[in-house]
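The data block below is data-v4.cif; it holds mmCIF, N, CA and C atoms and all ligand atoms.
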data_target
#
loop_
_atom_site.label_atom_id
_atom_site.label_comp_id
_atom_site.auth_asym_id
_atom_site.auth_seq_id
_atom_site.Cartn_x
_atom_site.Cartn_y
_atom_site.Cartn_z
N MET A 96 18.24 -21.66 106.14
CA MET A 96 18.86 -22.98 106.28
C MET A 96 18.15 -23.79 107.39
N ILE A 97 17.92 -25.06 107.14
CA ILE A 97 17.26 -25.92 108.12
C ILE A 97 18.31 -26.49 109.08
N THR A 98 18.08 -26.30 110.38
CA THR A 98 19.01 -26.85 111.39
C THR A 98 18.21 -27.57 112.48
N TYR A 99 18.87 -28.51 113.15
CA TYR A 99 18.25 -29.29 114.23
C TYR A 99 19.07 -29.10 115.50
N GLU A 100 18.39 -28.90 116.61
CA GLU A 100 19.12 -28.75 117.88
C GLU A 100 18.42 -29.53 118.98
N ILE A 101 19.20 -30.07 119.89
CA ILE A 101 18.63 -30.83 121.02
C ILE A 101 18.63 -29.95 122.27
N SER A 102 17.45 -29.85 122.88
CA SER A 102 17.27 -29.10 124.14
C SER A 102 17.96 -27.73 124.15
N CYS A 103 17.78 -27.00 123.08
CA CYS A 103 18.36 -25.65 123.00
C CYS A 103 17.43 -24.66 123.72
N PRO A 104 17.95 -23.49 124.08
CA PRO A 104 17.06 -22.50 124.70
C PRO A 104 15.95 -22.12 123.71
N ILE A 105 14.74 -22.08 124.20
CA ILE A 105 13.61 -21.77 123.33
C ILE A 105 12.50 -21.11 124.15
N GLU A 106 11.78 -20.21 123.51
CA GLU A 106 10.67 -19.55 124.19
C GLU A 106 9.42 -20.42 124.08
N PRO A 107 8.72 -20.67 125.20
CA PRO A 107 7.48 -21.44 125.14
C PRO A 107 6.50 -20.93 124.09
N LYS A 108 6.48 -19.62 123.89
CA LYS A 108 5.58 -19.00 122.91
C LYS A 108 5.80 -19.57 121.49
N GLN A 109 7.06 -19.89 121.17
CA GLN A 109 7.36 -20.42 119.83
C GLN A 109 6.71 -21.79 119.63
N ILE A 110 6.69 -22.60 120.71
CA ILE A 110 6.08 -23.93 120.61
C ILE A 110 4.56 -23.80 120.51
N VAL A 111 4.02 -22.88 121.28
CA VAL A 111 2.56 -22.68 121.24
C VAL A 111 2.14 -22.25 119.84
N GLU A 112 2.91 -21.36 119.21
CA GLU A 112 2.59 -20.92 117.83
C GLU A 112 2.67 -22.09 116.86
N LEU A 113 3.68 -22.93 117.06
CA LEU A 113 3.83 -24.10 116.18
C LEU A 113 2.65 -25.06 116.36
N ARG A 114 2.27 -25.30 117.61
CA ARG A 114 1.09 -26.16 117.89
C ARG A 114 -0.15 -25.59 117.22
N ASN A 115 -0.34 -24.29 117.36
CA ASN A 115 -1.52 -23.66 116.77
C ASN A 115 -1.52 -23.82 115.24
N SER A 116 -0.34 -23.85 114.64
CA SER A 116 -0.26 -23.96 113.17
C SER A 116 -0.80 -25.30 112.68
N VAL A 117 -0.79 -26.33 113.54
CA VAL A 117 -1.36 -27.63 113.13
C VAL A 117 -2.73 -27.86 113.78
N GLY A 118 -3.29 -26.79 114.34
CA GLY A 118 -4.65 -26.87 114.89
C GLY A 118 -4.72 -27.42 116.30
N TRP A 119 -3.58 -27.49 116.99
CA TRP A 119 -3.58 -27.99 118.37
C TRP A 119 -3.64 -26.82 119.33
N ASN A 120 -4.30 -27.05 120.46
CA ASN A 120 -4.27 -26.05 121.52
C ASN A 120 -2.89 -26.11 122.18
N GLY A 121 -2.63 -25.18 123.03
CA GLY A 121 -1.34 -25.20 123.73
C GLY A 121 -1.24 -23.98 124.61
N LEU A 122 -0.82 -24.19 125.80
CA LEU A 122 -0.74 -23.08 126.74
C LEU A 122 0.72 -22.77 127.03
N THR A 123 1.04 -21.48 127.02
CA THR A 123 2.42 -21.07 127.28
C THR A 123 2.89 -21.62 128.63
N ASP A 124 1.97 -21.61 129.61
CA ASP A 124 2.29 -22.14 130.96
C ASP A 124 2.79 -23.58 130.91
N TRP A 125 2.17 -24.39 130.04
CA TRP A 125 2.57 -25.79 129.94
C TRP A 125 4.06 -25.89 129.67
N TYR A 126 4.51 -25.12 128.67
CA TYR A 126 5.89 -25.28 128.21
C TYR A 126 6.90 -24.60 129.12
N GLU A 127 6.45 -23.58 129.85
CA GLU A 127 7.36 -23.00 130.83
C GLU A 127 7.79 -24.07 131.83
N LYS A 128 6.86 -24.95 132.19
CA LYS A 128 7.20 -26.04 133.14
C LYS A 128 7.78 -27.25 132.41
N SER A 129 7.11 -27.67 131.34
CA SER A 129 7.47 -28.97 130.76
C SER A 129 8.84 -28.98 130.10
N LEU A 130 9.29 -27.84 129.56
CA LEU A 130 10.62 -27.83 128.95
C LEU A 130 11.70 -28.11 129.99
N LYS A 131 11.44 -27.68 131.22
CA LYS A 131 12.41 -27.90 132.31
C LYS A 131 12.44 -29.37 132.72
N ASN A 132 11.29 -30.05 132.61
CA ASN A 132 11.19 -31.44 133.06
C ASN A 132 11.38 -32.47 131.95
N SER A 133 11.46 -31.98 130.73
CA SER A 133 11.60 -32.87 129.58
C SER A 133 12.91 -33.66 129.68
N TYR A 134 12.91 -34.91 129.23
CA TYR A 134 14.17 -35.67 129.19
C TYR A 134 15.08 -35.00 128.16
N PHE A 135 14.55 -34.80 126.96
CA PHE A 135 15.16 -33.89 125.99
C PHE A 135 14.10 -33.53 124.95
N TYR A 136 14.37 -32.50 124.20
CA TYR A 136 13.46 -32.16 123.11
C TYR A 136 14.29 -31.75 121.90
N ILE A 137 13.67 -31.87 120.74
CA ILE A 137 14.37 -31.55 119.50
C ILE A 137 13.63 -30.39 118.83
N CYS A 138 14.40 -29.41 118.40
CA CYS A 138 13.84 -28.27 117.68
C CYS A 138 14.40 -28.27 116.27
N CYS A 139 13.55 -27.93 115.31
CA CYS A 139 14.02 -27.73 113.94
C CYS A 139 13.74 -26.28 113.58
N PHE A 140 14.74 -25.60 113.08
CA PHE A 140 14.61 -24.19 112.72
C PHE A 140 14.84 -23.99 111.23
N ASP A 141 14.11 -23.03 110.67
CA ASP A 141 14.47 -22.49 109.35
C ASP A 141 15.00 -21.09 109.68
N ASP A 142 16.29 -20.93 109.61
CA ASP A 142 16.98 -19.77 110.20
C ASP A 142 16.57 -19.69 111.67
N LYS A 143 15.83 -18.63 112.08
CA LYS A 143 15.50 -18.55 113.51
C LYS A 143 14.09 -19.01 113.81
N GLU A 144 13.32 -19.33 112.77
CA GLU A 144 11.92 -19.72 112.99
C GLU A 144 11.81 -21.20 113.38
N LEU A 145 11.07 -21.47 114.46
CA LEU A 145 10.84 -22.86 114.87
C LEU A 145 9.80 -23.47 113.93
N ILE A 146 10.22 -24.51 113.19
CA ILE A 146 9.27 -25.12 112.24
C ILE A 146 9.05 -26.61 112.55
N GLY A 147 9.76 -27.12 113.56
CA GLY A 147 9.54 -28.51 113.96
C GLY A 147 9.89 -28.69 115.43
N PHE A 148 9.16 -29.59 116.09
CA PHE A 148 9.40 -29.83 117.52
C PHE A 148 9.03 -31.27 117.86
N LEU A 149 9.76 -31.83 118.80
CA LEU A 149 9.49 -33.19 119.31
C LEU A 149 9.96 -33.21 120.76
N ASP A 150 9.16 -33.78 121.63
CA ASP A 150 9.51 -33.81 123.06
C ASP A 150 9.61 -35.26 123.53
N VAL A 151 10.57 -35.54 124.41
CA VAL A 151 10.72 -36.88 124.97
C VAL A 151 10.61 -36.83 126.49
N VAL A 152 9.68 -37.62 127.01
CA VAL A 152 9.50 -37.76 128.45
C VAL A 152 10.10 -39.12 128.82
N SER A 153 10.85 -39.19 129.91
CA SER A 153 11.44 -40.48 130.28
C SER A 153 11.83 -40.54 131.75
N ASN A 154 11.86 -41.78 132.29
CA ASN A 154 12.42 -41.96 133.64
C ASN A 154 13.93 -42.20 133.57
N GLY A 155 14.47 -42.19 132.35
CA GLY A 155 15.92 -42.28 132.19
C GLY A 155 16.48 -43.69 132.21
N VAL A 156 15.61 -44.68 132.39
CA VAL A 156 16.11 -46.07 132.47
C VAL A 156 15.24 -47.02 131.63
N THR A 157 13.99 -47.20 132.04
CA THR A 157 13.18 -48.24 131.40
C THR A 157 12.30 -47.73 130.26
N ASP A 158 11.73 -46.55 130.43
CA ASP A 158 10.70 -46.11 129.48
C ASP A 158 10.89 -44.68 129.00
N SER A 159 10.43 -44.46 127.78
CA SER A 159 10.42 -43.10 127.25
C SER A 159 9.18 -42.96 126.37
N TYR A 160 8.74 -41.76 126.21
CA TYR A 160 7.53 -41.48 125.45
C TYR A 160 7.82 -40.28 124.55
N ILE A 161 7.72 -40.49 123.26
CA ILE A 161 7.93 -39.40 122.31
C ILE A 161 6.58 -38.73 122.07
N GLN A 162 6.52 -37.43 122.30
CA GLN A 162 5.24 -36.74 122.17
C GLN A 162 5.42 -35.40 121.46
N ASP A 163 4.29 -34.81 121.14
CA ASP A 163 4.31 -33.46 120.52
C ASP A 163 5.16 -33.41 119.25
N VAL A 164 5.04 -34.41 118.40
CA VAL A 164 5.81 -34.37 117.15
C VAL A 164 5.05 -33.44 116.19
N ILE A 165 5.66 -32.33 115.88
CA ILE A 165 4.97 -31.32 115.07
C ILE A 165 5.91 -30.76 114.01
N VAL A 166 5.40 -30.68 112.79
CA VAL A 166 6.10 -29.96 111.72
C VAL A 166 5.12 -28.94 111.15
N LYS A 167 5.55 -27.71 111.01
CA LYS A 167 4.69 -26.65 110.48
C LYS A 167 4.16 -27.06 109.11
N PRO A 168 2.87 -26.89 108.85
CA PRO A 168 2.26 -27.39 107.61
C PRO A 168 3.05 -27.11 106.33
N GLU A 169 3.54 -25.89 106.15
CA GLU A 169 4.29 -25.55 104.91
C GLU A 169 5.57 -26.38 104.75
N TYR A 170 6.03 -27.01 105.84
CA TYR A 170 7.30 -27.75 105.80
C TYR A 170 7.08 -29.26 105.86
N GLN A 171 5.82 -29.69 105.91
CA GLN A 171 5.54 -31.14 106.03
C GLN A 171 5.88 -31.88 104.74
N CYS A 172 6.06 -33.18 104.89
CA CYS A 172 6.37 -34.08 103.77
C CYS A 172 7.71 -33.75 103.09
N ARG A 173 8.64 -33.22 103.88
CA ARG A 173 10.00 -32.95 103.35
C ARG A 173 11.03 -33.71 104.17
N GLY A 174 10.57 -34.65 105.01
CA GLY A 174 11.51 -35.48 105.77
C GLY A 174 11.89 -34.91 107.13
N ILE A 175 11.31 -33.78 107.53
CA ILE A 175 11.70 -33.16 108.80
C ILE A 175 11.20 -33.99 110.00
N GLY A 176 9.97 -34.45 109.94
CA GLY A 176 9.43 -35.31 111.00
C GLY A 176 10.25 -36.58 111.14
N THR A 177 10.60 -37.16 110.02
CA THR A 177 11.41 -38.40 110.03
C THR A 177 12.78 -38.13 110.66
N ARG A 178 13.39 -37.03 110.29
CA ARG A 178 14.73 -36.70 110.84
C ARG A 178 14.67 -36.51 112.36
N MET A 179 13.64 -35.83 112.84
CA MET A 179 13.52 -35.60 114.29
C MET A 179 13.28 -36.93 115.01
N MET A 180 12.45 -37.80 114.43
CA MET A 180 12.21 -39.11 115.04
C MET A 180 13.51 -39.92 115.08
N GLU A 181 14.26 -39.89 113.98
CA GLU A 181 15.52 -40.66 113.94
C GLU A 181 16.51 -40.15 114.98
N MET A 182 16.58 -38.83 115.12
CA MET A 182 17.50 -38.26 116.13
C MET A 182 17.08 -38.69 117.54
N ALA A 183 15.77 -38.67 117.81
CA ALA A 183 15.27 -39.04 119.14
C ALA A 183 15.56 -40.51 119.43
N ILE A 184 15.28 -41.37 118.47
CA ILE A 184 15.47 -42.82 118.66
C ILE A 184 16.97 -43.12 118.85
N GLU A 185 17.78 -42.46 118.03
CA GLU A 185 19.24 -42.66 118.12
C GLU A 185 19.74 -42.28 119.53
N LYS A 186 19.28 -41.15 120.04
CA LYS A 186 19.75 -40.72 121.38
C LYS A 186 19.23 -41.66 122.47
N LEU A 187 17.97 -42.09 122.35
CA LEU A 187 17.41 -43.00 123.37
C LEU A 187 18.14 -44.34 123.37
N LYS A 188 18.52 -44.80 122.17
CA LYS A 188 19.31 -46.05 122.08
C LYS A 188 20.68 -45.84 122.72
N ALA A 189 21.31 -44.71 122.41
CA ALA A 189 22.65 -44.42 122.97
C ALA A 189 22.58 -44.32 124.49
N ASP A 190 21.47 -43.81 125.00
CA ASP A 190 21.30 -43.67 126.46
C ASP A 190 20.83 -44.96 127.13
N LYS A 191 20.62 -46.01 126.29
CA LYS A 191 20.19 -47.33 126.79
C LYS A 191 18.85 -47.30 127.52
N ILE A 192 17.95 -46.46 127.03
CA ILE A 192 16.59 -46.48 127.56
C ILE A 192 15.88 -47.69 126.94
N TYR A 193 15.27 -48.53 127.77
CA TYR A 193 14.79 -49.83 127.29
C TYR A 193 13.67 -49.72 126.25
N ALA A 194 12.64 -48.93 126.54
CA ALA A 194 11.48 -48.90 125.63
C ALA A 194 11.11 -47.48 125.22
N ILE A 195 10.60 -47.38 124.01
CA ILE A 195 10.11 -46.09 123.50
C ILE A 195 8.64 -46.27 123.10
N SER A 196 7.79 -45.37 123.55
CA SER A 196 6.37 -45.42 123.16
C SER A 196 5.99 -44.15 122.43
N VAL A 197 4.95 -44.27 121.66
CA VAL A 197 4.39 -43.10 120.97
C VAL A 197 2.89 -43.35 120.79
N LEU A 198 2.10 -42.33 120.89
CA LEU A 198 0.65 -42.45 120.66
C LEU A 198 0.34 -41.73 119.36
N PHE A 199 -0.49 -42.34 118.51
CA PHE A 199 -0.80 -41.66 117.25
C PHE A 199 -2.16 -42.10 116.73
N GLU A 200 -2.69 -41.29 115.84
CA GLU A 200 -3.95 -41.64 115.19
C GLU A 200 -3.67 -42.62 114.06
N GLU A 201 -4.71 -43.40 113.72
CA GLU A 201 -4.61 -44.45 112.70
C GLU A 201 -3.96 -43.94 111.40
N ARG A 202 -4.34 -42.71 111.00
CA ARG A 202 -3.85 -42.18 109.72
C ARG A 202 -2.31 -42.02 109.70
N LEU A 203 -1.69 -42.00 110.89
CA LEU A 203 -0.24 -41.83 110.95
C LEU A 203 0.51 -43.14 111.18
N ALA A 204 -0.22 -44.27 111.10
CA ALA A 204 0.42 -45.58 111.35
C ALA A 204 1.58 -45.81 110.40
N LYS A 205 1.41 -45.40 109.13
CA LYS A 205 2.48 -45.62 108.13
C LYS A 205 3.74 -44.84 108.54
N PHE A 206 3.53 -43.60 108.98
CA PHE A 206 4.67 -42.76 109.39
C PHE A 206 5.44 -43.42 110.53
N TYR A 207 4.72 -43.91 111.57
CA TYR A 207 5.41 -44.44 112.75
C TYR A 207 5.92 -45.86 112.55
N ARG A 208 5.20 -46.64 111.76
CA ARG A 208 5.59 -48.04 111.57
C ARG A 208 7.01 -48.14 111.00
N LYS A 209 7.37 -47.19 110.14
CA LYS A 209 8.68 -47.31 109.45
C LYS A 209 9.87 -47.21 110.41
N PHE A 210 9.63 -46.66 111.63
CA PHE A 210 10.74 -46.56 112.58
C PHE A 210 10.92 -47.86 113.37
N GLY A 211 9.96 -48.79 113.23
CA GLY A 211 10.08 -50.07 113.91
C GLY A 211 9.18 -50.24 115.11
N PHE A 212 8.23 -49.32 115.31
CA PHE A 212 7.30 -49.48 116.43
C PHE A 212 6.35 -50.65 116.18
N HIS A 213 6.11 -51.47 117.21
CA HIS A 213 5.09 -52.50 117.14
C HIS A 213 3.78 -51.80 117.48
N ILE A 214 2.75 -52.04 116.68
CA ILE A 214 1.47 -51.38 116.91
C ILE A 214 0.71 -52.16 117.98
N MET A 215 0.36 -51.48 119.07
CA MET A 215 -0.35 -52.09 120.20
C MET A 215 -1.55 -51.21 120.54
N GLN A 216 -2.41 -51.70 121.40
CA GLN A 216 -3.49 -50.84 121.87
C GLN A 216 -2.97 -49.92 122.96
N ALA A 217 -3.56 -48.75 123.04
CA ALA A 217 -3.16 -47.81 124.09
C ALA A 217 -4.38 -47.02 124.52
N GLY A 218 -4.29 -46.37 125.64
CA GLY A 218 -5.39 -45.53 126.10
C GLY A 218 -4.87 -44.19 126.56
N GLN A 219 -5.70 -43.19 126.44
CA GLN A 219 -5.30 -41.87 126.92
C GLN A 219 -6.56 -41.10 127.30
N MET A 220 -6.47 -40.31 128.34
CA MET A 220 -7.60 -39.45 128.70
C MET A 220 -7.10 -38.09 129.12
N GLU A 221 -7.95 -37.09 128.99
CA GLU A 221 -7.60 -35.76 129.47
C GLU A 221 -8.16 -35.60 130.87
N THR A 222 -7.39 -35.02 131.77
CA THR A 222 -7.86 -34.86 133.14
C THR A 222 -8.53 -33.50 133.36
N TYR A 223 -8.35 -32.61 132.41
CA TYR A 223 -9.08 -31.33 132.43
C TYR A 223 -9.15 -30.80 131.01
N LYS A 224 -10.05 -29.85 130.80
CA LYS A 224 -10.24 -29.29 129.47
C LYS A 224 -9.30 -28.11 129.30
N ALA A 225 -8.37 -28.21 128.30
CA ALA A 225 -7.44 -27.10 128.06
C ALA A 225 -8.13 -26.06 127.18
N ASP A 226 -7.66 -24.79 127.26
CA ASP A 226 -8.25 -23.71 126.43
C ASP A 226 -8.01 -23.96 124.95
C1 LIG B 301 3.11 -36.19 111.41
C2 LIG B 301 4.15 -35.16 111.06
C3 LIG B 301 4.97 -34.80 112.28
C4 LIG B 301 5.07 -35.74 110.01
O1 LIG B 301 6.10 -34.83 109.73
P1 LIG B 301 6.62 -34.62 108.24
O2 LIG B 301 7.83 -33.78 108.29
O3 LIG B 301 5.50 -34.16 107.39
O4 LIG B 301 6.99 -36.13 107.86
P2 LIG B 301 8.04 -36.66 106.81
O5 LIG B 301 8.15 -35.70 105.67
O6 LIG B 301 9.29 -37.03 107.49
O7 LIG B 301 7.35 -37.99 106.37
C5 LIG B 301 6.24 -37.92 105.53
C6 LIG B 301 5.33 -39.07 105.86
O8 LIG B 301 4.51 -38.68 106.95
C7 LIG B 301 3.21 -39.17 106.79
N1 LIG B 301 2.31 -38.03 106.93
C8 LIG B 301 2.67 -36.74 107.03
N2 LIG B 301 1.58 -35.99 107.23
C9 LIG B 301 0.54 -36.82 107.25
C10 LIG B 301 -0.85 -36.64 107.41
N3 LIG B 301 -1.39 -35.43 107.62
N4 LIG B 301 -1.64 -37.73 107.38
C11 LIG B 301 -1.10 -38.94 107.18
N5 LIG B 301 0.20 -39.18 107.02
C12 LIG B 301 1.00 -38.12 107.05
C13 LIG B 301 3.15 -39.82 105.46
O9 LIG B 301 3.23 -41.22 105.75
C14 LIG B 301 4.39 -39.41 104.73
O10 LIG B 301 4.87 -40.51 104.06
P3 LIG B 301 5.14 -40.41 102.46
O11 LIG B 301 6.26 -39.40 102.32
O12 LIG B 301 5.51 -41.79 102.12
O13 LIG B 301 3.85 -39.92 101.87
C15 LIG B 301 3.51 -33.88 110.48
O14 LIG B 301 2.68 -34.23 109.40
C16 LIG B 301 2.68 -33.08 111.48
O15 LIG B 301 3.19 -32.22 112.18
N6 LIG B 301 1.35 -33.34 111.54
C17 LIG B 301 0.46 -32.59 112.43
C18 LIG B 301 0.71 -32.91 113.89
C19 LIG B 301 0.58 -34.40 114.18
O16 LIG B 301 -0.43 -35.02 113.85
N7 LIG B 301 1.63 -34.95 114.81
C20 LIG B 301 1.69 -36.34 115.16
C21 LIG B 301 1.34 -36.54 116.59
S1 LIG B 301 1.27 -38.26 117.01
#

Just dump the structure as C-alpha cells.
Amino acid sequence: MITYEISCPIEPKQIVELRNSVGWNGLTDWYEKSLKNSYFYICCFDDKELIGFLDVVSNGVTDSYIQDVIVKPEYQCRGIGTRMMEMAIEKLKADKIYAISVLFEERLAKFYRKFGFHIMQAGQMETYKAD
C-alpha cells in the first residue's frame, strides 16, 4: 500500500539508496545532519520501502526551497511526485511562508509549471566535489 508521511523517523541510508536509484550521489552523513535541520520532509512508502522523498528548507517566514524531489524509477509517472509536491505546497501555504522556490532542469519544466511556479533564471554551484 502506498502511504505518505511528513517528517517521519527515517534512516539516512534509505534516502541514499533512493537517490542512487535515480543516478544521484548521496552521502549518509549529509542526511544524518540535514534531516534534523530540514523544515519538513515528505516520505512516500510502498509498505515499508521508501519510494519517494521531498525535502523543504526554509527560514519559516519569507522563503522556502523544495529540493531532492525523488521517485524511484519503477514508481514514476503514477502521480507520486505530484502528490508530494501538492502536500508540500499545501503545508507551506498553511504555514504562511511567503515564497517557494525550486530548481530544475529544462526537461522538467512541464512537471513544475503545473503547480504554478513562475519560471525565472537561477544559479547554483557546488562548493566541493561529493563522492
Ligand atoms: C521528477 C519526478 C520526481 C517526477 O515524479 P513522478 O512521480 O514520476 O511524477 P508524476 O507521476 O506525478 O508526474 C508525471 C509527470 O512528470 C514529468 N516527468 C516525470 N519524469 C520525467 C522525466 N524523466 N523527464 C521529463 N519529465 C518527467 C512528466 O511531465 C509527467 O507528466 P505526464 O504525466 O503528463 O507525462 C521523478 O521523475 C524523478 O524522481 N525523477 C528523477 C529525479 C529528478 O530529476 N528529480 C527532480 C529534481 S528537480

What gap, in Å, lies between atom N of A:Gly174 and atom CA of A:Lys191?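 Atom-to-atom, atom N of A:Gly174 to atom CA of A:Lys191, that is 27.0 Å.
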
Could you make a table, as JSON lines, of the residues of chain A that have an atom within 8 Å of an atom of ligand LIG 301 (chain B), each with its nearest atom pair and distance in Å to one decimal, counting all atoms listed in the file, in chain and number order?
{"residue": "A:Arg114", "atom": "CA", "partner": "B:LIG301", "partner_atom": "C18", "distance": 7.9}
{"residue": "A:Ser116", "atom": "C", "partner": "B:LIG301", "partner_atom": "C17", "distance": 7.4}
{"residue": "A:Val117", "atom": "CA", "partner": "B:LIG301", "partner_atom": "C17", "distance": 5.3}
{"residue": "A:Gly118", "atom": "N", "partner": "B:LIG301", "partner_atom": "C17", "distance": 7.2}
{"residue": "A:Trp119", "atom": "N", "partner": "B:LIG301", "partner_atom": "C18", "distance": 7.6}
{"residue": "A:Gly147", "atom": "CA", "partner": "B:LIG301", "partner_atom": "O15", "distance": 7.6}
{"residue": "A:Phe148", "atom": "N", "partner": "B:LIG301", "partner_atom": "O15", "distance": 7.6}
{"residue": "A:Ile161", "atom": "C", "partner": "B:LIG301", "partner_atom": "S1", "distance": 7.3}
{"residue": "A:Gln162", "atom": "C", "partner": "B:LIG301", "partner_atom": "C21", "distance": 6.5}
{"residue": "A:Asp163", "atom": "C", "partner": "B:LIG301", "partner_atom": "C21", "distance": 5.6}
{"residue": "A:Val164", "atom": "C", "partner": "B:LIG301", "partner_atom": "N7", "distance": 4.0}
{"residue": "A:Ile165", "atom": "CA", "partner": "B:LIG301", "partner_atom": "O15", "distance": 3.5}
{"residue": "A:Val166", "atom": "N", "partner": "B:LIG301", "partner_atom": "O15", "distance": 2.8}
{"residue": "A:Lys167", "atom": "N", "partner": "B:LIG301", "partner_atom": "O15", "distance": 5.2}
{"residue": "A:Pro168", "atom": "N", "partner": "B:LIG301", "partner_atom": "O15", "distance": 6.3}
{"residue": "A:Tyr170", "atom": "C", "partner": "B:LIG301", "partner_atom": "O2", "distance": 5.2}
{"residue": "A:Gln171", "atom": "CA", "partner": "B:LIG301", "partner_atom": "O3", "distance": 3.3}
{"residue": "A:Cys172", "atom": "N", "partner": "B:LIG301", "partner_atom": "O3", "distance": 2.7}
{"residue": "A:Arg173", "atom": "N", "partner": "B:LIG301", "partner_atom": "O5", "distance": 3.1}
{"residue": "A:Gly174", "atom": "N", "partner": "B:LIG301", "partner_atom": "O5", "distance": 2.7}
{"residue": "A:Ile175", "atom": "N", "partner": "B:LIG301", "partner_atom": "O2", "distance": 3.6}
{"residue": "A:Gly176", "atom": "N", "partner": "B:LIG301", "partner_atom": "O2", "distance": 2.8}
{"residue": "A:Thr177", "atom": "N", "partner": "B:LIG301", "partner_atom": "O6", "distance": 2.9}
{"residue": "A:Arg178", "atom": "N", "partner": "B:LIG301", "partner_atom": "O6", "distance": 5.0}
{"residue": "A:Met179", "atom": "N", "partner": "B:LIG301", "partner_atom": "O6", "distance": 7.0}
{"residue": "A:Met180", "atom": "N", "partner": "B:LIG301", "partner_atom": "O6", "distance": 7.7}
{"residue": "A:Val197", "atom": "C", "partner": "B:LIG301", "partner_atom": "S1", "distance": 6.5}
{"residue": "A:Leu198", "atom": "C", "partner": "B:LIG301", "partner_atom": "S1", "distance": 4.3}
{"residue": "A:Phe199", "atom": "CA", "partner": "B:LIG301", "partner_atom": "S1", "distance": 4.0}
{"residue": "A:Glu200", "atom": "N", "partner": "B:LIG301", "partner_atom": "S1", "distance": 5.1}
{"residue": "A:Glu201", "atom": "C", "partner": "B:LIG301", "partner_atom": "C11", "distance": 7.1}
{"residue": "A:Arg202", "atom": "C", "partner": "B:LIG301", "partner_atom": "C11", "distance": 4.2}
{"residue": "A:Leu203", "atom": "CA", "partner": "B:LIG301", "partner_atom": "N5", "distance": 4.8}
{"residue": "A:Ala204", "atom": "N", "partner": "B:LIG301", "partner_atom": "N5", "distance": 6.5}
{"residue": "A:Lys205", "atom": "C", "partner": "B:LIG301", "partner_atom": "O9", "distance": 4.6}
{"residue": "A:Phe206", "atom": "N", "partner": "B:LIG301", "partner_atom": "O9", "distance": 4.0}
{"residue": "A:Tyr207", "atom": "N", "partner": "B:LIG301", "partner_atom": "O9", "distance": 6.6}

Between atom CA of A:Tyr136 and atom CA of A:Glu112, what is the spacing in Å?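 Distance between the two atoms: 16.5 Å.
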
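The interatomic distance for the pair atom N of A:Lys209 and atom N of A:Glu181 works out to 10.7 Å.
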
Would you mind writing down, as a VMD selection string, each residue of chain A that DSSP on the backbone assigns to helix (DSSP H, G or I)? chain A and resid 107 to 116 123 to 132 168 to 170 175 to 189 201 to 208
